[in-house]
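Enquirer: Enclosed is the structure file input-v9.cif (mmCIF, C-alpha atoms).
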```
data_protein
loop_
_atom_site.label_atom_id
_atom_site.label_comp_id
_atom_site.auth_asym_id
_atom_site.auth_seq_id
_atom_site.Cartn_x
_atom_site.Cartn_y
_atom_site.Cartn_z
CA MET A 895 104.61 64.80 169.07
CA ASP A 896 102.78 67.98 170.00
CA ARG A 897 101.51 70.08 167.15
CA ALA A 898 102.89 73.60 166.91
CA THR A 899 101.63 76.59 164.97
CA TYR A 900 104.19 78.74 163.25
CA GLU A 901 103.39 82.17 161.86
CA LEU A 902 104.88 83.16 158.55
CA PRO A 903 107.17 86.16 158.54
CA GLU A 904 105.57 89.42 157.47
CA THR A 905 107.60 89.46 154.24
CA SER A 906 106.48 85.96 153.23
CA SER A 907 102.85 86.77 154.03
CA ARG A 908 102.99 89.90 151.90
CA GLN A 909 104.56 88.00 149.01
CA GLN A 910 101.84 85.37 149.23
CA GLN A 911 99.15 88.05 149.09
CA GLU A 912 100.79 89.66 146.05
CA GLN A 913 101.00 86.26 144.35
CA GLU A 914 97.31 85.61 145.00
CA LYS A 915 96.46 89.07 143.67
CA LEU A 916 98.42 88.43 140.46
CA LEU A 917 96.77 85.04 140.07
CA LYS A 918 93.29 86.56 140.40
CA GLU A 919 94.20 89.26 137.87
CA TYR A 920 95.39 86.62 135.40
CA GLU A 921 92.22 84.57 135.86
CA LEU A 922 90.13 87.71 135.34
CA ARG A 923 91.93 88.50 132.08
CA GLN A 924 91.44 84.95 130.83
CA LYS A 925 87.75 85.10 131.70
CA ALA A 926 87.36 88.51 130.03
CA LYS A 927 88.64 87.06 126.75
CA SER A 928 85.69 84.66 126.64
CA VAL A 929 83.08 87.38 127.22
CA VAL A 930 81.39 88.54 124.00
CA VAL A 931 80.22 92.16 123.99
CA PRO A 932 78.38 94.15 121.30
CA THR A 933 80.26 96.23 118.75
CA ASP A 934 77.54 98.87 118.64
CA ASP A 935 78.63 101.73 120.92
CA GLY A 936 75.03 102.59 121.87
CA ARG A 937 74.42 99.06 123.09
CA VAL A 938 77.71 99.11 125.00
CA ARG A 939 76.68 102.31 126.82
CA GLN A 940 73.30 100.79 127.65
CA MET A 941 74.88 97.69 129.15
CA LEU A 942 77.34 99.78 131.17
CA ARG A 943 74.42 101.72 132.61
CA GLN A 944 72.66 98.46 133.51
CA VAL A 945 75.61 97.20 135.54
CA GLY A 946 75.96 100.53 137.35
CA GLU A 947 79.08 101.74 135.54
CA PRO A 948 79.61 105.21 133.97
CA ILE A 949 78.65 105.11 130.32
CA THR A 950 81.89 106.88 129.41
CA LEU A 951 85.09 108.08 131.03
CA PHE A 952 87.15 111.15 130.24
CA GLY A 953 89.10 110.61 127.02
CA GLU A 954 87.69 107.11 126.55
CA LYS A 955 87.36 105.78 122.98
CA GLU A 956 84.83 103.24 121.68
CA MET A 957 87.23 100.29 121.84
CA GLU A 958 88.34 101.22 125.36
CA ARG A 959 84.70 101.40 126.43
CA ARG A 960 84.08 97.90 125.04
CA GLU A 961 87.10 96.55 126.92
CA ARG A 962 85.85 98.16 130.15
CA LEU A 963 82.45 96.50 129.67
CA ARG A 964 84.14 93.17 128.94
CA ARG A 965 86.20 93.41 132.12
CA THR A 966 83.18 94.50 134.19
CA LEU A 967 81.11 91.55 133.00
CA ALA A 968 84.00 89.19 133.76
CA GLN A 969 84.30 90.62 137.28
CA GLN A 970 80.54 90.33 137.72
CA GLU A 971 80.61 86.71 136.61
CA ALA A 972 83.41 85.97 139.09
CA VAL A 973 81.42 87.57 141.92
CA THR A 974 78.14 85.86 141.08
CA ALA A 975 79.90 82.49 141.15
CA GLU A 976 80.18 82.89 144.93
CA LEU A 977 76.64 84.25 145.52
CA PRO A 978 73.44 82.28 146.18
CA ALA A 979 71.33 81.25 143.22
CA VAL A 980 68.82 84.06 143.84
CA GLY A 981 71.51 86.70 143.65
CA GLN A 982 72.84 85.18 140.48
CA VAL A 983 69.47 85.45 138.78
CA VAL A 984 69.12 89.10 139.74
CA VAL A 985 72.54 90.06 138.38
CA GLN A 986 72.07 88.09 135.18
CA GLU A 987 68.76 89.84 134.55
CA MET A 988 70.47 93.23 134.88
CA ALA A 989 73.15 92.48 132.28
CA PRO A 990 72.86 89.08 130.58
CA ALA A 991 76.10 87.71 129.21
CA GLN A 992 76.24 87.98 125.41
CA LYS A 993 77.05 84.67 123.76
CA GLU A 994 76.18 85.41 120.12
CA LYS A 995 78.41 87.24 117.65
CA PHE A 996 77.81 90.89 116.82
CA TRP A 997 78.55 92.90 113.73
CA THR A 998 77.87 96.31 112.28
CA GLU A 999 76.07 96.35 108.96
CA GLY A 1000 78.07 98.19 106.30
CA PRO A 1001 76.93 100.22 103.30
CA MET A 1002 76.25 98.77 99.87
CA GLU A 1003 79.45 100.39 98.56
CA LEU A 1004 81.45 98.21 100.95
CA LYS A 1005 79.63 95.10 99.77
CA ALA A 1006 80.30 95.96 96.12
CA ALA A 1007 83.98 96.62 96.84
CA ARG A 1008 84.35 93.29 98.64
CA ALA A 1009 82.69 91.49 95.74
CA LYS A 1010 85.16 93.06 93.29
CA ILE A 1011 88.10 92.16 95.52
CA ALA A 1012 86.86 88.58 95.88
CA GLN A 1013 86.40 88.16 92.13
CA TRP A 1014 89.86 89.58 91.43
CA SER A 1015 91.46 87.42 94.15
CA LEU A 1016 89.75 84.21 93.05
CA GLN A 1017 91.04 84.63 89.50
CA ARG A 1018 94.59 85.11 90.78
CA ALA A 1019 94.22 82.15 93.15
CA ALA A 1020 93.04 79.92 90.30
CA ALA A 1021 96.02 80.96 88.18
CA ARG A 1022 98.40 80.35 91.09
CA ILE A 1023 96.97 76.90 91.77
CA GLY A 1024 97.19 76.00 88.08
CA SER A 1025 100.80 77.12 87.95
CA GLY A 1026 101.58 75.08 91.04
CA LYS A 1027 100.04 71.95 89.53
CA ARG A 1028 102.06 72.38 86.34
CA ARG A 1029 105.28 72.73 88.34
CA ARG A 1030 104.34 69.67 90.35
CA ASP A 1031 103.91 67.57 87.22
CA ASP A 1032 107.09 68.89 85.57
CA PRO A 1033 110.33 67.58 87.21
CA GLY A 1034 112.39 70.14 85.34
CA ALA A 1035 110.33 73.01 86.73
CA ARG A 1036 110.80 71.70 90.28
CA VAL A 1037 114.57 71.54 89.82
CA SER A 1038 114.63 75.05 88.36
CA ALA A 1039 112.52 76.47 91.19
CA ARG A 1040 114.78 74.84 93.77
CA SER A 1041 117.91 76.28 92.14
CA VAL A 1042 116.37 79.75 92.10
CA ARG A 1043 115.44 79.43 95.78
CA LEU A 1044 118.94 78.28 96.75
CA SER A 1045 120.51 81.07 94.72
CA ALA A 1046 118.36 83.69 96.44
CA HIS A 1047 119.21 82.23 99.83
CA ALA A 1048 122.93 82.32 99.08
CA HIS A 1049 122.66 85.89 97.82
CA ALA A 1050 120.85 86.99 100.98
CA LYS A 1051 123.78 85.82 103.11
CA HIS A 1052 126.03 88.42 101.48
CA ILE A 1053 123.74 91.44 101.89
CA ALA A 1054 125.66 94.37 103.35
CA GLN A 1055 125.08 98.09 103.81
CA GLN A 1056 126.47 100.08 100.91
CA SER A 1057 125.60 103.66 101.77
CA SER A 1058 123.62 105.92 104.09
CA GLU A 1059 121.81 109.17 103.32
CA ILE A 1060 120.03 111.80 105.42
CA GLY A 1061 116.38 111.59 104.38
CA ASP A 1062 114.81 114.25 106.58
CA GLU A 1063 115.58 116.93 109.14
CA ARG A 1064 113.78 114.81 111.74
CA PRO A 1065 113.54 111.00 112.24
CA ILE A 1066 112.40 108.87 109.31
CA SER A 1067 109.01 107.28 110.01
CA GLY A 1068 108.35 105.32 106.80
CA CYS A 1069 109.99 104.11 103.61
CA GLU A 1070 109.09 101.78 100.75
CA PHE A 1071 110.60 100.69 97.45
CA SER A 1072 108.65 101.29 94.26
CA PRO A 1073 107.04 98.29 92.53
CA ASN A 1074 109.95 97.94 90.09
CA GLY A 1075 112.55 98.42 92.83
CA SER A 1076 114.29 101.37 91.18
CA MET A 1077 112.93 104.11 93.47
CA LEU A 1078 112.70 104.57 97.23
CA ALA A 1079 110.16 106.85 98.93
CA THR A 1080 110.82 108.14 102.45
CA CYS A 1081 108.82 110.29 104.86
CA GLY A 1082 109.59 111.63 108.31
CA TRP A 1083 108.52 113.66 111.28
CA GLY A 1084 109.44 116.82 109.41
CA GLY A 1085 106.49 116.27 107.04
CA ALA A 1086 108.68 115.95 103.93
CA LEU A 1087 108.27 113.26 101.27
CA SER A 1088 111.37 112.31 99.30
CA VAL A 1089 111.81 110.01 96.32
CA TRP A 1090 115.27 108.54 95.67
CA ASP A 1091 116.74 106.88 92.60
CA VAL A 1092 118.41 103.72 93.92
CA ALA A 1093 118.91 101.84 90.66
CA ASP A 1094 122.47 100.62 90.05
CA ASN A 1095 123.45 101.57 93.63
CA ARG A 1096 122.77 105.26 93.00
CA GLN A 1097 121.39 107.37 95.85
CA ASN A 1098 120.16 110.48 94.02
CA ARG A 1099 117.20 112.33 95.43
CA CYS A 1100 114.79 112.86 92.53
CA TRP A 1101 112.52 115.28 94.33
CA VAL A 1102 111.31 116.30 97.77
CA ALA A 1103 107.90 117.78 98.58
CA ARG A 1104 106.12 119.01 101.66
CA ALA A 1105 103.57 116.21 102.12
CA ASN A 1106 102.16 117.58 105.36
CA GLU A 1107 102.64 120.29 107.93
CA GLU A 1108 102.45 117.68 110.68
CA ARG A 1109 104.48 114.49 111.15
CA CYS A 1110 104.15 111.84 108.47
CA THR A 1111 103.72 108.29 109.78
CA ASP A 1112 103.82 106.14 106.64
CA VAL A 1113 104.29 106.19 102.88
CA VAL A 1114 103.23 103.56 100.33
CA TRP A 1115 103.56 103.17 96.56
CA HIS A 1116 100.65 102.39 94.30
CA PRO A 1117 101.00 98.85 92.86
CA SER A 1118 101.34 100.30 89.35
CA ALA A 1119 102.80 103.70 90.11
CA HIS A 1120 102.53 105.09 86.58
CA MET A 1121 99.97 105.66 83.80
CA LEU A 1122 96.92 105.53 86.08
CA PRO A 1123 93.63 107.05 84.87
CA GLN A 1124 92.09 109.85 86.87
CA ASP A 1125 88.99 107.79 87.75
CA VAL A 1126 91.16 105.59 89.94
CA VAL A 1127 92.21 108.66 91.93
CA SER A 1128 88.60 109.77 92.20
CA SER A 1129 87.46 106.35 93.46
CA LEU A 1130 89.66 106.61 96.57
CA LYS A 1131 87.27 108.86 98.46
CA GLY A 1132 86.38 107.12 101.69
CA GLU A 1133 83.11 107.21 103.55
CA HIS A 1134 83.43 110.72 105.02
CA GLY A 1135 84.28 112.64 101.89
CA VAL A 1136 87.37 114.18 100.32
CA GLN A 1137 89.03 117.55 100.62
CA GLY A 1138 91.28 119.15 98.04
CA GLU A 1139 91.37 119.37 94.28
CA GLY A 1140 92.32 116.50 92.03
CA GLY A 1141 94.51 117.16 89.04
CA MET A 1142 95.21 115.13 85.92
CA SER A 1143 98.53 113.91 87.31
CA THR A 1144 99.20 110.23 87.82
CA LEU A 1145 98.74 108.71 91.25
CA ALA A 1146 101.97 107.22 92.56
CA LEU A 1147 102.18 107.55 96.35
CA ALA A 1148 100.08 107.92 99.49
CA THR A 1149 101.18 109.33 102.83
CA ALA A 1150 99.66 109.14 106.33
CA SER A 1151 99.94 111.83 108.98
CA VAL A 1152 99.20 112.58 112.62
CA ASP A 1153 96.65 115.19 111.51
CA ARG A 1154 94.26 112.25 110.76
CA THR A 1155 94.48 112.63 106.97
CA ALA A 1156 95.95 110.58 104.13
CA ARG A 1157 97.23 112.30 101.01
CA LEU A 1158 97.50 111.01 97.45
CA ILE A 1159 100.63 112.24 95.71
CA SER A 1160 101.58 112.17 92.04
CA GLY A 1161 104.89 110.91 90.68
CA THR A 1162 106.14 114.51 90.59
CA GLY A 1163 105.16 115.39 94.16
CA LYS A 1164 101.85 117.09 93.34
CA LEU A 1165 99.02 116.78 95.87
CA LEU A 1166 96.02 115.06 94.28
CA ARG A 1167 93.61 114.30 97.10
CA ILE A 1168 93.26 114.57 100.88
CA LEU A 1169 91.36 111.68 102.45
CA VAL A 1170 89.66 112.42 105.78
CA GLY A 1171 87.40 110.61 108.23
CA HIS A 1172 89.56 109.30 111.09
CA GLU A 1173 89.16 110.46 114.68
CA ASP A 1174 92.80 109.91 115.65
CA ARG A 1175 96.21 110.07 114.00
CA LEU A 1176 96.94 107.59 111.23
CA ALA A 1177 99.41 104.78 111.80
CA ARG A 1178 99.85 102.63 108.68
CA MET A 1179 98.41 102.26 105.19
CA ALA A 1180 98.44 99.76 102.35
CA PHE A 1181 97.18 99.65 98.78
CA HIS A 1182 95.28 96.57 97.74
CA PRO A 1183 97.15 94.81 94.92
CA MET A 1184 94.18 95.56 92.68
CA GLY A 1185 95.14 99.24 92.97
CA LYS A 1186 91.68 100.74 93.50
CA TYR A 1187 91.50 100.55 97.29
CA LEU A 1188 93.62 102.10 100.04
CA VAL A 1189 93.37 100.76 103.59
CA ARG A 1190 94.16 103.20 106.41
CA ALA A 1191 94.54 102.29 110.08
CA SER A 1192 94.57 104.83 112.90
CA ARG A 1193 95.40 104.93 116.61
CA SER A 1194 91.68 104.91 117.36
CA LEU A 1195 91.67 101.23 116.21
CA SER A 1196 89.52 102.12 113.20
CA SER A 1197 90.27 101.47 109.54
CA TYR A 1198 88.96 102.69 106.19
#
```
Give the structure from the file, written as structure tokens.
Expert:
Amino acid sequence: MDRATYELPETSSRQQQEQEKLLKEYELRQKAKSVVVPTDDGRVRQMLRQVGEPITLFGEKEMERRERLRRTLAQQEAVTAELPAVGQVVVQEMAPAQKEKFWTEGPMELKAARAKIAQWSLQRAAARIGSGKRRRDDPGARVSARSVRLSAHAHAKHIAQQSSEIGDERPISGCEFSPNGSMLATCGWGGALSVWDVADNRQNRCWVARANEERCTDVVWHPSAHMLPQDVVSSLKGEHGVQGEGGMSTLALATASVDRTARLISGTGKLLRILVGHEDRLARMAFHPMGKYLVRASRSLSSY
């Protein structure tokens, strides 16, 4: 039989090219994940200059710059795989691939805070493990725990909406129940912070305060939202300082906002502190169960 050559239709050829392009893009992303780049922004800029890339682009943040360097090194590695050995040596000398781990050394205050958190957590872990061992050795405790678990599961099946209230003039962006479950705090795009009494199926608004002139993004309760000493409020300063005046009121709530600040609020709606330091709008926050530390995350991928 004579051999014949058939040409693919133009549509099939184009689809094949698009498929190959997508496959190369996927392989490049997988390879970029294995490339280790420095966390120090100065070193990242230096390496970008070495590979002939702009050290920064318009509106580019530190994390975006690191991802651009990671992708560039992955592309470079893919290209050098097809070059002669001499060319490979030249490119590797310009920007050697980083295999070791990088970190940024923190201040002594951060080290001391982590030591306190570790000591507090280890004590709780030891108590939890001891309690688990006692339950394991006590058949009656196991039966009781199982009955409680089954009861909670059965109760969850019958959860239904009981009421609905308007919490803000604009969309609600965050809400959280108080530690004892009797109060509900809400915040929204209107910048208002509201506290509701929800005990015994009541929906009474206790108070509302203007938490921020800009949109609020999150609200959290302090783990023990009552009878806190003022030194706890003063300890939540952050690395870049604090604005505002602290009163003798009790810390109860914290709100995050798009104006890059977090605010500490008393149980009566009084502003206690304004925490600053982020370069972009805040997203979410959380108090450590110890109660002395507040973690804030922003859109710039940084946290305090």
Enquirer: As an exercise, work out the distance from CA of Gln969 (chain A) to CA of Arg1193 (chain A) in Å and give it to one decimal place.
Expert: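 About the pair CA of Gln969 (chain A) and CA of Arg1193 (chain A): they are 27.5 Å apart.
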Enquirer: Specify as a count of residues only each residue included when the PyMOL selection byres ((chain A and resi 1069-1071) around 12) is applied to this file.
Expert: 42
Enquirer: One decimal, in Å: what's the spacing between CA of Lys955 (chain A) and CA of Lys927 (chain A)?
Expert: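 Separation between CA of Lys955 (chain A) and CA of Lys927 (chain A): 19.1 Å.
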Enquirer: I want to know what sits within 12 Å of Arg962 (chain A), based on all atoms listed in the file, with residues of the same chain fewer than 5 positions away left out; could you give that as a tab-separated table (two decimals) with C-alpha atoms, keeping the file's coordinate frame?
Expert:
```tsv
chain	number	residue	atom	x	y	z
A	923	ARG	CA	91.93	88.50	132.08
A	926	ALA	CA	87.36	88.51	130.03
A	927	LYS	CA	88.64	87.06	126.75
A	929	VAL	CA	83.08	87.38	127.22
A	931	VAL	CA	80.22	92.16	123.99
A	938	VAL	CA	77.71	99.11	125.00
A	939	ARG	CA	76.68	102.31	126.82
A	941	MET	CA	74.88	97.69	129.15
A	942	LEU	CA	77.34	99.78	131.17
A	945	VAL	CA	75.61	97.20	135.54
A	947	GLU	CA	79.08	101.74	135.54
A	948	PRO	CA	79.61	105.21	133.97
A	949	ILE	CA	78.65	105.11	130.32
A	950	THR	CA	81.89	106.88	129.41
A	951	LEU	CA	85.09	108.08	131.03
A	954	GLU	CA	87.69	107.11	126.55
A	955	LYS	CA	87.36	105.78	122.98
A	956	GLU	CA	84.83	103.24	121.68
A	957	MET	CA	87.23	100.29	121.84
A	967	LEU	CA	81.11	91.55	133.00
A	968	ALA	CA	84.00	89.19	133.76
A	969	GLN	CA	84.30	90.62	137.28
```
Enquirer: To one decimal in Å, tell me the separation between CA of Arg1064 (chain A) and CA of Gly1085 (chain A).
Expert: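 For CA of Arg1064 (chain A) relative to CA of Gly1085 (chain A), the distance reads 8.8 Å.
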Enquirer: Decode the PyMOL selection byres ((chain A and resi 1163) around 8) for the given file into explicit residues and return them as a count of residues only.
Expert: 9
